[in-house]
Each structure stands twice: as structure tokens, then as C-alpha cells.
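Engineer: File data.cif below, mmCIF, C-alpha atoms:
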data_final
#
loop_
_atom_site.label_atom_id
_atom_site.label_comp_id
_atom_site.auth_asym_id
_atom_site.auth_seq_id
_atom_site.Cartn_x
_atom_site.Cartn_y
_atom_site.Cartn_z
CA MET A 1 11.00 -5.95 7.79
CA ILE A 2 9.14 -7.01 4.65
CA ILE A 3 6.87 -4.16 3.60
CA ILE A 4 3.49 -5.27 2.25
CA LYS A 5 2.09 -3.04 -0.48
CA SER A 6 -1.58 -2.13 -0.85
CA ASP A 7 -3.45 -2.62 -4.11
CA ALA A 8 -3.28 1.14 -4.72
CA GLU A 9 0.47 1.19 -4.14
CA ILE A 10 0.95 -1.69 -6.54
CA GLU A 11 -1.06 0.19 -9.16
CA THR A 12 1.39 3.07 -8.76
CA MET A 13 4.37 0.73 -9.00
CA LYS A 14 3.07 -0.52 -12.34
CA ILE A 15 3.70 2.92 -13.87
CA PRO A 16 7.53 3.02 -13.61
CA ALA A 17 7.61 -0.74 -14.24
CA LYS A 18 5.80 -0.30 -17.58
CA LEU A 19 8.09 2.49 -18.70
CA THR A 20 11.18 0.46 -17.82
CA ALA A 21 9.77 -2.54 -19.67
CA GLU A 22 9.15 -0.42 -22.78
CA ILE A 23 12.68 0.97 -22.67
CA LEU A 24 14.29 -2.44 -22.32
CA ARG A 25 12.05 -3.78 -25.08
CA ASP A 26 13.16 -0.95 -27.40
CA LEU A 27 16.81 -1.53 -26.51
CA GLU A 28 16.60 -4.75 -28.48
CA LYS A 29 16.49 -2.73 -31.72
CA PHE A 30 19.02 -0.17 -30.50
CA ILE A 31 21.76 -2.60 -29.48
CA ARG A 32 24.12 -3.38 -32.36
CA PRO A 33 27.84 -3.73 -33.03
CA GLY A 34 29.72 -0.44 -32.91
CA ILE A 35 27.76 1.36 -30.20
CA SER A 36 29.27 1.94 -26.77
CA THR A 37 27.91 0.97 -23.39
CA TYR A 38 27.64 4.74 -22.75
CA ASP A 39 25.24 4.97 -25.73
CA ILE A 40 23.04 2.37 -24.05
CA ASP A 41 23.08 4.31 -20.80
CA GLN A 42 22.13 7.52 -22.62
CA PHE A 43 19.28 5.73 -24.40
CA VAL A 44 17.92 4.49 -21.08
CA GLU A 45 18.40 7.78 -19.25
CA SER A 46 16.78 9.94 -21.93
CA ARG A 47 13.75 7.68 -22.15
CA ILE A 48 13.27 7.69 -18.35
CA LEU A 49 13.52 11.48 -18.27
CA GLU A 50 11.17 11.84 -21.26
CA GLY A 51 8.69 9.75 -19.29
CA GLY A 52 8.82 12.31 -16.50
CA MET A 53 10.57 9.96 -14.09
CA LYS A 54 13.96 9.78 -12.40
CA PRO A 55 16.65 7.20 -13.18
CA ALA A 56 16.70 5.01 -10.09
CA PHE A 57 20.31 3.92 -10.39
CA LYS A 58 22.01 7.26 -10.98
CA GLY A 59 23.82 8.17 -7.79
CA TYR A 60 22.51 5.10 -5.94
CA GLY A 61 25.31 4.12 -3.60
CA GLY A 62 27.51 6.31 -5.79
CA PHE A 63 26.75 4.45 -9.04
CA PRO A 64 27.58 6.96 -11.79
CA ALA A 65 25.03 6.07 -14.48
CA SER A 66 21.36 5.34 -15.15
CA ALA A 67 21.90 1.76 -16.30
CA CYS A 68 24.26 -1.03 -15.38
CA VAL A 69 25.67 -2.25 -18.71
CA SER A 70 27.56 -5.51 -18.35
CA VAL A 71 29.34 -7.09 -21.33
CA ASN A 72 30.30 -10.78 -21.67
CA GLU A 73 32.12 -11.86 -18.49
CA VAL A 74 30.71 -8.92 -16.53
CA ILE A 75 27.87 -10.28 -14.42
CA VAL A 76 26.34 -7.10 -13.00
CA HIS A 77 27.05 -3.45 -12.22
CA GLY A 78 29.06 -2.70 -15.35
CA ILE A 79 29.73 1.03 -15.52
CA PRO A 80 28.86 2.47 -18.95
CA SER A 81 31.81 3.91 -20.86
CA LYS A 82 32.38 5.62 -24.21
CA GLU A 83 35.45 3.42 -24.63
CA LYS A 84 33.58 0.14 -24.23
CA ILE A 85 32.39 -0.67 -27.77
CA LEU A 86 30.11 -3.61 -28.49
CA HIS A 87 31.20 -6.17 -31.06
CA GLY A 88 29.25 -8.81 -32.92
CA GLY A 89 29.10 -11.98 -30.82
CA ASP A 90 29.06 -10.13 -27.50
CA ILE A 91 26.27 -10.48 -24.99
CA VAL A 92 25.32 -7.41 -22.97
CA SER A 93 23.15 -7.22 -19.86
CA VAL A 94 21.28 -4.03 -19.12
CA ASP A 95 19.80 -3.43 -15.68
CA ALA A 96 17.76 -0.27 -15.13
CA GLY A 97 15.00 1.28 -13.06
CA ALA A 98 12.91 4.41 -12.71
CA ILE A 99 11.38 6.30 -9.80
CA TYR A 100 7.80 7.54 -10.05
CA GLU A 101 6.22 9.35 -7.09
CA GLY A 102 8.83 7.74 -4.87
CA TRP A 103 8.21 4.19 -6.13
CA TYR A 104 10.94 2.17 -7.80
CA SER A 105 11.04 -0.13 -10.77
CA ASP A 106 13.89 -2.54 -11.48
CA MET A 107 14.48 -4.97 -14.31
CA ALA A 108 17.25 -6.48 -16.43
CA ARG A 109 17.70 -8.28 -19.73
CA THR A 110 20.65 -9.80 -21.57
CA TYR A 111 20.87 -9.02 -25.28
CA ALA A 112 22.75 -10.58 -28.16
CA VAL A 113 24.97 -8.21 -30.16
CA GLY A 114 24.65 -9.44 -33.73
CA GLU A 115 25.13 -13.19 -34.10
CA ILE A 116 26.19 -14.99 -30.93
CA SER A 117 27.50 -18.49 -30.35
CA PRO A 118 25.04 -21.34 -29.66
CA GLU A 119 26.48 -21.65 -26.13
CA ALA A 120 25.93 -17.93 -25.43
CA GLU A 121 22.43 -18.21 -26.81
CA ARG A 122 21.74 -21.20 -24.55
CA LEU A 123 23.06 -19.28 -21.53
CA VAL A 124 20.80 -16.29 -22.21
CA ARG A 125 17.75 -18.46 -22.89
CA THR A 126 18.27 -20.70 -19.86
CA THR A 127 18.72 -17.69 -17.59
CA GLU A 128 15.36 -16.34 -18.74
CA GLU A 129 13.73 -19.75 -18.36
CA SER A 130 15.02 -20.03 -14.79
CA PHE A 131 13.13 -16.89 -13.81
CA PHE A 132 9.90 -18.47 -15.00
CA GLU A 133 10.71 -21.69 -13.14
CA GLY A 134 11.02 -19.62 -9.97
CA LEU A 135 7.87 -17.69 -10.82
CA LYS A 136 5.84 -20.91 -10.60
CA TYR A 137 6.51 -20.89 -6.86
CA CYS A 138 5.64 -17.21 -6.31
CA VAL A 139 2.40 -18.11 -4.59
CA ALA A 140 1.21 -16.87 -1.19
CA GLY A 141 1.97 -19.48 1.44
CA ASN A 142 5.07 -20.84 -0.27
CA TYR A 143 8.47 -20.21 1.22
CA LEU A 144 10.79 -17.72 -0.44
CA SER A 145 13.48 -20.35 -0.85
CA ASP A 146 11.05 -22.49 -2.87
CA VAL A 147 11.51 -19.85 -5.57
CA SER A 148 15.29 -19.79 -5.10
CA HIS A 149 15.52 -23.56 -5.27
CA ALA A 150 13.51 -23.83 -8.49
CA ILE A 151 15.80 -21.29 -10.17
CA GLN A 152 18.92 -23.10 -9.02
CA VAL A 153 17.75 -26.54 -10.08
CA HIS A 154 16.89 -25.33 -13.59
CA LEU A 155 20.23 -23.60 -14.07
CA GLU A 156 22.46 -26.26 -12.59
CA SER A 157 20.74 -29.05 -14.45
CA ALA A 158 21.68 -27.14 -17.61
CA GLY A 159 25.30 -27.07 -16.43
CA PHE A 160 25.48 -23.38 -15.54
CA GLY A 161 26.80 -21.67 -12.42
CA VAL A 162 24.40 -19.75 -10.18
CA ILE A 163 25.96 -16.56 -8.85
CA ARG A 164 25.86 -16.57 -5.04
CA ASP A 165 27.42 -13.25 -4.15
CA TYR A 166 24.56 -11.16 -5.51
CA VAL A 167 20.86 -11.66 -4.91
CA GLY A 168 17.45 -10.20 -5.71
CA HIS A 169 15.50 -8.17 -3.20
CA GLY A 170 12.25 -6.59 -2.14
CA LEU A 171 11.26 -3.41 -3.98
CA GLY A 172 9.05 -0.45 -3.15
CA ARG A 173 9.85 3.03 -1.89
CA GLU A 174 13.42 1.80 -1.59
CA MET A 175 15.39 0.04 -4.29
CA HIS A 176 16.58 -2.58 -1.85
CA GLU A 177 14.04 -3.77 0.67
CA GLN A 178 13.77 -7.03 2.54
CA PRO A 179 13.76 -9.88 1.83
CA ALA A 180 16.95 -10.84 0.04
CA VAL A 181 16.03 -13.20 -2.81
CA PRO A 182 18.88 -15.65 -3.50
CA ASN A 183 18.89 -17.71 -6.68
CA TYR A 184 19.92 -20.83 -4.81
CA GLY A 185 19.08 -22.68 -1.63
CA ARG A 186 17.06 -25.45 -0.12
CA PRO A 187 13.29 -25.27 -0.40
CA GLY A 188 11.06 -24.58 2.59
CA ARG A 189 13.26 -21.90 4.17
CA GLY A 190 13.13 -18.16 4.73
CA PRO A 191 9.97 -16.06 5.02
CA LYS A 192 6.63 -17.21 3.68
CA LEU A 193 5.29 -15.34 0.68
CA GLU A 194 2.31 -13.08 1.35
CA LYS A 195 -0.08 -11.11 -0.80
CA GLY A 196 1.32 -7.62 -1.37
CA MET A 197 5.00 -8.56 -1.32
CA VAL A 198 6.92 -7.10 -4.25
CA LEU A 199 10.09 -8.93 -5.22
CA ALA A 200 12.84 -8.23 -7.74
CA ILE A 201 13.73 -11.75 -8.84
CA GLU A 202 16.93 -11.78 -10.84
CA PRO A 203 18.89 -14.89 -11.76
CA MET A 204 22.55 -14.08 -12.47
CA VAL A 205 24.24 -16.93 -14.24
CA SER A 206 27.70 -17.95 -15.37
CA ALA A 207 28.54 -20.31 -18.20
CA GLY A 208 31.31 -21.58 -15.92
CA SER A 209 32.06 -21.17 -12.23
CA TYR A 210 29.89 -19.03 -9.95
CA GLU A 211 32.89 -17.38 -8.34
CA VAL A 212 33.04 -13.61 -8.65
CA ASN A 213 35.68 -10.88 -8.68
CA VAL A 214 34.89 -7.20 -8.19
CA LEU A 215 37.10 -4.83 -10.17
CA ASP A 216 38.96 -1.84 -8.76
CA ASP A 217 36.05 0.49 -9.54
CA GLU A 218 34.28 -1.40 -6.69
CA TRP A 219 31.20 -1.97 -8.86
CA THR A 220 31.97 -4.18 -11.83
CA ALA A 221 31.42 -7.83 -10.89
CA VAL A 222 33.01 -10.33 -13.28
CA THR A 223 33.19 -14.10 -13.39
CA ARG A 224 36.48 -15.19 -11.88
CA ASP A 225 37.10 -17.71 -14.65
CA GLY A 226 36.23 -15.22 -17.39
CA SER A 227 33.23 -17.18 -18.60
CA LEU A 228 30.17 -15.45 -20.05
CA ALA A 229 27.44 -14.25 -17.68
CA ALA A 230 23.77 -13.45 -18.15
CA HIS A 231 21.13 -11.66 -16.07
CA TYR A 232 17.34 -11.62 -16.26
CA GLU A 233 15.15 -9.67 -13.84
CA ASN A 234 11.52 -8.82 -13.37
CA THR A 235 9.47 -7.25 -10.61
CA VAL A 236 6.95 -9.74 -9.22
CA VAL A 237 3.90 -9.02 -7.07
CA ILE A 238 2.57 -11.79 -4.83
CA THR A 239 -1.23 -11.94 -5.00
CA ASP A 240 -4.05 -14.18 -3.78
CA GLY A 241 -3.66 -16.20 -6.95
CA GLU A 242 -1.18 -16.14 -9.81
CA PRO A 243 1.81 -13.84 -9.39
CA LEU A 244 1.78 -10.57 -11.28
CA VAL A 245 4.92 -9.67 -13.25
CA ILE A 246 4.66 -5.90 -13.60
CA THR A 247 7.76 -5.52 -15.78
CA LEU A 248 6.34 -7.68 -18.55
CA LEU A 249 4.40 -5.83 -21.25
CA MET V 250 19.98 -3.38 -9.45
CA THR V 251 21.13 -6.44 -7.66
CA ILE V 252 22.28 -6.39 -4.05
CA LYS V 253 25.34 -8.01 -2.49
CA LYS V 254 24.38 -11.08 -0.55
CA ASN V 255 26.11 -10.03 2.60
CA ASP V 256 24.51 -6.64 3.00
CA LEU V 257 23.56 -7.15 6.63
CA VAL V 258 21.09 -4.91 8.45
CA PRO V 259 20.49 -4.26 12.16
CA GLY V 260 18.13 -6.83 13.63
CA GLN V 261 19.28 -9.52 11.20
CA ILE V 262 20.11 -12.92 12.62
CA VAL V 263 23.55 -14.31 11.81
CA LYS V 264 25.58 -17.35 12.75
CA SER V 265 29.27 -17.11 13.55
CA LYS V 266 31.43 -19.17 11.22
CA ALA V 267 34.77 -18.52 12.94
CA GLY V 268 36.28 -17.76 16.35
CA HIS V 269 35.42 -18.84 19.89
CA ASP V 270 31.76 -18.21 19.19
CA LYS V 271 31.67 -20.41 16.08
CA GLY V 272 28.22 -21.94 15.58
CA CYS V 273 26.47 -19.42 17.85
CA VAL V 274 23.71 -17.12 16.62
CA PHE V 275 23.57 -13.38 17.19
CA PHE V 276 21.73 -10.26 16.16
CA VAL V 277 23.49 -7.66 14.06
CA VAL V 278 23.16 -4.54 16.21
CA GLU V 279 25.16 -2.13 14.05
CA VAL V 280 26.71 -2.16 10.60
CA LEU V 281 30.10 -0.46 10.80
CA ASP V 282 31.13 -0.72 7.15
CA ASP V 283 31.16 -3.23 4.30
CA ASP V 284 33.49 -5.53 6.21
CA TYR V 285 32.55 -5.23 9.88
CA VAL V 286 29.41 -5.35 12.01
CA LEU V 287 28.68 -5.39 15.75
CA ILE V 288 26.82 -8.45 17.03
CA ALA V 289 25.20 -9.35 20.36
CA ASP V 290 23.07 -12.16 21.74
CA GLY V 291 22.36 -10.77 25.22
CA ASP V 292 24.34 -13.61 26.78
CA ARG V 293 27.90 -14.13 25.56
CA ARG V 294 27.92 -10.63 24.15
CA LYS V 295 25.75 -8.03 25.85
CA TYR V 296 23.96 -5.33 23.94
CA ASP V 297 26.13 -2.63 25.54
CA SER V 298 29.37 -4.43 24.68
CA PRO V 299 28.76 -6.04 21.31
CA LYS V 300 31.39 -8.02 19.47
CA LYS V 301 33.02 -6.49 16.41
CA LYS V 302 32.97 -9.20 13.77
CA LYS V 303 34.07 -9.55 10.18
CA VAL V 304 31.12 -9.95 7.83
CA LYS V 305 32.89 -12.79 6.06
CA HIS V 306 32.99 -14.70 9.34
CA LEU V 307 29.20 -14.64 9.62
CA GLN V 308 26.54 -16.64 7.88
CA PRO V 309 23.51 -14.42 7.39
CA TYR V 310 20.03 -15.81 7.82
CA ASN V 311 17.34 -14.34 5.64
CA ARG V 312 15.48 -13.35 8.76
CA ILE V 313 15.22 -9.98 10.44
CA ASN V 314 13.57 -9.59 13.81
CA GLU V 315 11.12 -6.73 13.49
CA VAL V 316 10.98 -5.97 17.22
CA ILE V 317 14.74 -5.70 17.55
CA SER V 318 15.30 -3.89 14.26
CA GLU V 319 12.64 -1.29 15.10
CA LYS V 320 14.08 -0.70 18.57
CA ILE V 321 17.55 -0.25 17.11
CA ARG V 322 16.24 2.09 14.43
CA LEU V 323 14.37 4.23 16.95
CA GLY V 324 17.21 4.15 19.48
CA LEU V 325 15.03 2.53 22.15
CA LYS V 326 16.50 0.65 25.07
CA ILE V 327 17.07 -3.03 24.45
CA GLU V 328 17.47 -5.42 27.37
CA ASN V 329 19.79 -8.39 27.04
CA ILE V 330 16.94 -10.66 28.03
CA ASP V 331 15.01 -9.29 25.01
CA LEU V 332 17.82 -10.38 22.69
CA GLN V 333 17.89 -13.82 24.28
CA ARG V 334 14.11 -14.25 24.11
CA GLU V 335 13.82 -13.03 20.53
CA LEU V 336 16.67 -15.27 19.39
CA GLU V 337 15.03 -18.21 21.11
CA ALA V 338 11.61 -17.36 19.68
CA SER V 339 13.05 -17.01 16.17
CA GLY V 340 14.09 -20.62 16.19
CA ALA V 341 17.53 -19.53 14.98
CA VAL V 342 19.31 -21.28 17.83
CA GLN V 343 17.81 -24.58 16.80
CA LEU V 344 18.49 -23.83 13.17
CA ALA V 345 22.15 -23.31 13.90
CA VAL V 346 22.38 -26.61 15.71
CA SER V 347 21.32 -28.58 12.69
CA ASP V 348 22.99 -28.04 9.35
CA GLU V 349 19.84 -29.45 7.82
CA GLU V 350 18.00 -26.39 8.93
CA GLU V 351 20.34 -23.74 7.59
CA MET V 352 18.52 -21.42 5.26
CA GLU V 353 21.31 -20.06 3.11
CA LYS V 354 23.11 -23.25 2.27
CA ASP V 355 23.56 -24.59 -1.20
CA VAL V 356 21.45 -27.49 -2.40
#
Using C-alpha cells, write down the structure from this file.
Structural biologist:
Amino acid sequence: MIIIKSDAEIETMKIPAKLTAEILRDLEKFIRPGISTYDIDQFVESRILEGGMKPAFKGYGGFPASACVSVNEVIVHGIPSKEKILHGGDIVSVDAGAIYEGWYSDMARTYAVGEISPEAERLVRTTEESFFEGLKYCVAGNYLSDVSHAIQVHLESAGFGVIRDYVGHGLGREMHEQPAVPNYGRPGRGPKLEKGMVLAIEPMVSAGSYEVNVLDDEWTAVTRDGSLAAHYENTVVITDGEPLVITLL
Amino acid sequence: MTIKKNDLVPGQIVKSKAGHDKGCVFFVVEVLDDDYVLIADGDRRKYDSPKKKKVKHLQPYNRINEVISEKIRLGLKIENIDLQRELEASGAVQLAVSDEEEMEKDV
């Protein structure tokens, strides 16, 4: 069941969304060669707690940290570690969320660590662009897969692989609500978008093949061919008019 | 945090990709674990004797029947004719017939 949110509920959802957006904005200055993925997790966790909220990811399905920190070929769900040190030229995706009065936020960005290669830069930029291509179709009355299709077309025309095994989702009082939001598919399928739907739209993209392996920790998802991966996520509210992206400052 | 594509839920419509029932559509009536679910359509597989099926042998549709999912959640009685009618009303049977109409396929 797709849960429609009232205007008042959406106002409440904006509060954890804003805090998460501020944290991920500030991470841009914090991320540098020499820090560990654990340091990133601690940065995120302390800022969520200082904001009087709860880290949404910690303990979710057994996930052991407050942020998923995914380096280079790791697509999503990287488990932060003191041993995993960032080096110049790496790209690192950080996915995090907070809970405020029972309402969830969820967003992700991919950051450059120092100077990165032109190809890595193009991957990160195109992943972000694909979200905004999808956003153009986040209009009441459109089909959900219109959004998915726009994302896929943008990414594949740039020569990148669209991850199939993981998808976006509805968001609200649960982290994962209906509907699933794939980043691929034919247009004109799936549920129709309605005012009050809240969607976590999150292209996950490989510089090579879209095939995925999950490591023995049962969380870390990596590209099977070892190619770089990027992730960009915002929380989008469907309205009567233009969509509202509540994780953008 | 992203979600795995194949996280099925009760009341979700799926199409069998393998076995004697290949090409047929069913409701997920219970999720057993990450790899297995129970499915029924009220005809080939009755609600009281659902088929245990591997998740990887099912194509999920991004469509969950609210009537069926609520009844399952609340533990209410579900008649086989209800499953048949709701599957028919969902249009999923017709969708499964035509590859053109599959919702989760690649471009």
C-alpha cells in the first residue's frame, strides 16, 4: 500500500530531511585523504544526535552504523571501518538518514576524495544529473516508471550501467515503504503518482557492468567487474504542481 | 538506504519464471525468508495450500493488492475466489500474457 502523506506530515518530514541535508553538505569539507570510513560515520552520527534525532540506519535490519559509507567499487551499504582509509582519487558514497518524531529522512551523495580522474568525475556528475532527469517526471498523474525510464535513458546514453538489484522506495514512518522505485524500466508502468506520495529516488550507477556481488558481511554490495560506482539520493514529495525535494537546502 | 529489488511483501503480484507454473501470476501470501515465499492464485494453488517458491524464480510486479495485503496482515479469511477475482481485476493476468506489458523489464 502506498501511504499518502498530509501537508502537516510532510512539514514534519522536512525537519529530519533538512538536518540530513546539512550534514551531507558539511561532509564535503570533512572528507579528505587519510580519514577512515568510520570517521565519516562518527561525523554523521554525532551531528544527528546533536540535532536531537535518531540515526535511522543504526540497527536497521542489523546494519551496524549510522551511515552507509561505500568506497570506489562499493555501490551501497558499505559498513564503516577504522581500517578503511580514504586515499586521494577515491570516490566515496555516503547514505544516511534521521528519525524525527517517528518520521524518516534518507539521502545519499558521492564525494571526491582529493583529485579524482575525469572518468570518475563524469560518473559522479552524470549520476546526479540522472536524478534530476527523473525528477522532471515526478508529477501527479505520471506513472512511476516514467521517472525510472528517464533516469535509465540518461545514464545509459552516457555509457554507464544502471544497478538493477537495488531500488529506491517510498518513505515515511517506515524507512522502506511502497512503492519500489527502480532506476530502469519502460515508461507508462507501475502506480500513478499522486499528491502526497513521498519517494526516495536514488540512482545507483556503475562505470561498467550493472552486475552486483554482495560480500560475506551480507551488506556490502560491489560491482562484479570492480568498476567504480556512484549513488545520489533525495527525498521527493509529489504535489499538485512541481515536485518538492525536501533534502535539498 | 536503498532496498533490494526482490524484497517481496504479502499481497504483491508476481509472475513465475520457472517450473510447471511458468508464466502464471500469483499473490505472495507469505514471505518465508530472503530466498523463499509462499504463493497462491486461488486456482492452481489454493490459499490454504500455497506453493513454496524461490524468490529468484519469480518476477515481481510493482503492484500490491491492498485488499489482499490487508486481509493477510489482519489474519482475515481469504477465499480462493477472492484471489482469482483480485488477480483478474488487477490486470496482471493480461500483463503476463504480453511481454510488452511487463512492468519490471529493461528498456
Engineer: Using all atoms listed in the file, can you list as an MDAnalysis selection string the residues within 9 Å of (20.1, 1.5, 16.0)?
Structural biologist: chainID V and resid 259:260 278:279 318:325
Engineer: Given only C-alpha atoms as the basis, pick out the residue of A:Pro33, A:Pro179, A:Pro187, A:Pro55 nearest to Tyr111 (chain A).
Structural biologist: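 Checking each of A:Pro33, A:Pro179, A:Pro187, A:Pro55 against Tyr111 (chain A), counting only C-alpha atoms, the winner is A:Pro33.
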Engineer: How far is it from CA of Tyr232 (chain A) to CA of Val139 (chain A), in Å with one decimal?
Structural biologist: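 Here the two named atoms are 20.0 Å from each other.
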Engineer: Could you check how far CA of Ile75 (chain A) sits from CA of Tyr166 (chain A), in Å to one decimal?
Structural biologist: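 Between these atoms lies a distance of 9.5 Å.
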Engineer: Return the single residue from V:Lys253, V:Arg334, V:Lys305, V:Lys264 that is closest to chain A, with distances computed using only C-alpha atoms.
Structural biologist: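 For chain A, the nearest of the given residues is V:Lys253.
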Engineer: Dig up all the protein and nucleic acid residues within 8 Å of (34.9, -23.6, -15.3) in the file frame, using all atoms listed in the file, and format them as a list in words.
Structural biologist: Ala207, Gly208, Ser209, Asp225 and Ser227 of chain A
Engineer: I would like the residues chosen by the PyMOL selection byres ((chain A and resi 81-96) around 7) on the shown file; could you give them as an MDAnalysis selection string?
Structural biologist: (chainID A and resid 33:38 57 66:72 79:80 97 106:117 230:231) or (chainID V and resid 250)
Engineer: Find the residues near Ile327 (chain V): any atom within 10 Å, counting all atoms listed in the file, skip ones fewer than 6 places away on the same chain, and give them as a VMD selection string.
Structural biologist: chain V and resid 291 296 to 297 316 to 317 320 to 321
Engineer: Please produce a file of the residues just selected, as a tab-separated table (two decimals), in the coordinates of the input, where the atoms kept are C-alpha atoms.
Structural biologist:
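Below you can see part_31.tsv, which holds the result:
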chain	number	residue	atom	x	y	z
V	291	GLY	CA	22.36	-10.77	25.22
V	296	TYR	CA	23.96	-5.33	23.94
V	297	ASP	CA	26.13	-2.63	25.54
V	316	VAL	CA	10.98	-5.97	17.22
V	317	ILE	CA	14.74	-5.70	17.55
V	320	LYS	CA	14.08	-0.70	18.57
V	321	ILE	CA	17.55	-0.25	17.11
Engineer: From the set V:Ile330, V:Leu307, V:Ile313, V:Leu336, which residue has the shortest atom-to-atom contact distance to Ser265 (chain V), counting only C-alpha atoms?
Structural biologist: V:Leu307
Engineer: Would you fill the gaps in region 54-63 of chain A so it has all heavy atoms, then print it as a CSV table (one decimal), keeping the file's coordinate frame?
Structural biologist:
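Now in rebuild.csv:
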chain,number,residue,atom,x,y,z
A,54,LYS,N,12.5,9.6,-12.7
A,54,LYS,CA,14.0,9.8,-12.4
A,54,LYS,C,14.7,8.4,-12.6
A,54,LYS,O,14.1,7.4,-12.2
A,54,LYS,CB,14.1,10.1,-10.9
A,54,LYS,CG,13.9,11.6,-10.6
A,54,LYS,CD,14.2,11.7,-9.1
A,54,LYS,CE,13.6,13.0,-8.5
A,54,LYS,NZ,13.6,13.0,-7.1
A,55,PRO,N,15.9,8.5,-13.1
A,55,PRO,CA,16.6,7.2,-13.2
A,55,PRO,C,17.0,6.7,-11.8
A,55,PRO,O,17.5,7.5,-11.0
A,55,PRO,CB,17.9,7.6,-13.9
A,55,PRO,CG,17.6,8.9,-14.6
A,55,PRO,CD,16.6,9.6,-13.7
A,56,ALA,N,16.6,5.5,-11.5
A,56,ALA,CA,16.7,5.0,-10.1
A,56,ALA,C,18.2,4.7,-9.7
A,56,ALA,O,18.5,4.8,-8.5
A,56,ALA,CB,15.9,3.7,-9.9
A,57,PHE,N,19.0,4.4,-10.7
A,57,PHE,CA,20.3,3.9,-10.4
A,57,PHE,C,21.3,5.1,-10.2
A,57,PHE,O,22.3,4.9,-9.6
A,57,PHE,CB,20.8,3.0,-11.5
A,57,PHE,CG,20.1,1.6,-11.6
A,57,PHE,CD1,19.0,1.4,-10.9
A,57,PHE,CD2,20.7,0.6,-12.3
A,57,PHE,CE1,18.3,0.2,-11.0
A,57,PHE,CE2,20.1,-0.7,-12.4
A,57,PHE,CZ,18.9,-0.9,-11.7
A,58,LYS,N,21.0,6.2,-10.9
A,58,LYS,CA,22.0,7.3,-11.0
A,58,LYS,C,22.3,7.8,-9.6
A,58,LYS,O,21.3,8.4,-9.0
A,58,LYS,CB,21.6,8.4,-11.9
A,58,LYS,CG,22.7,9.3,-12.3
A,58,LYS,CD,22.4,10.0,-13.6
A,58,LYS,CE,23.7,10.5,-14.2
A,58,LYS,NZ,23.5,11.1,-15.5
A,59,GLY,N,23.5,7.7,-9.1
A,59,GLY,CA,23.8,8.2,-7.8
A,59,GLY,C,23.5,7.2,-6.7
A,59,GLY,O,23.9,7.4,-5.5
A,60,TYR,N,22.9,6.1,-7.0
A,60,TYR,CA,22.5,5.1,-5.9
A,60,TYR,C,23.8,4.4,-5.4
A,60,TYR,O,24.5,3.8,-6.2
A,60,TYR,CB,21.5,4.0,-6.5
A,60,TYR,CG,21.0,3.1,-5.4
A,60,TYR,CD1,19.9,3.5,-4.7
A,60,TYR,CD2,21.7,1.9,-5.1
A,60,TYR,CE1,19.4,2.6,-3.7
A,60,TYR,CE2,21.2,1.1,-4.1
A,60,TYR,CZ,20.1,1.5,-3.4
A,60,TYR,OH,19.6,0.7,-2.4
A,61,GLY,N,24.1,4.7,-4.2
A,61,GLY,CA,25.3,4.1,-3.6
A,61,GLY,C,26.6,4.6,-4.3
A,61,GLY,O,27.6,4.0,-4.2
A,62,GLY,N,26.4,5.7,-5.0
A,62,GLY,CA,27.5,6.3,-5.8
A,62,GLY,C,27.6,5.8,-7.2
A,62,GLY,O,28.6,6.2,-7.9
A,63,PHE,N,26.7,5.0,-7.7
A,63,PHE,CA,26.8,4.4,-9.0
A,63,PHE,C,26.6,5.6,-10.0
A,63,PHE,O,25.7,6.5,-9.9
A,63,PHE,CB,25.7,3.4,-9.3
A,63,PHE,CG,25.9,2.7,-10.6
A,63,PHE,CD1,26.8,1.7,-10.7
A,63,PHE,CD2,25.1,3.0,-11.7
A,63,PHE,CE1,27.1,1.1,-11.9
A,63,PHE,CE2,25.3,2.4,-12.9
A,63,PHE,CZ,26.3,1.4,-13.0
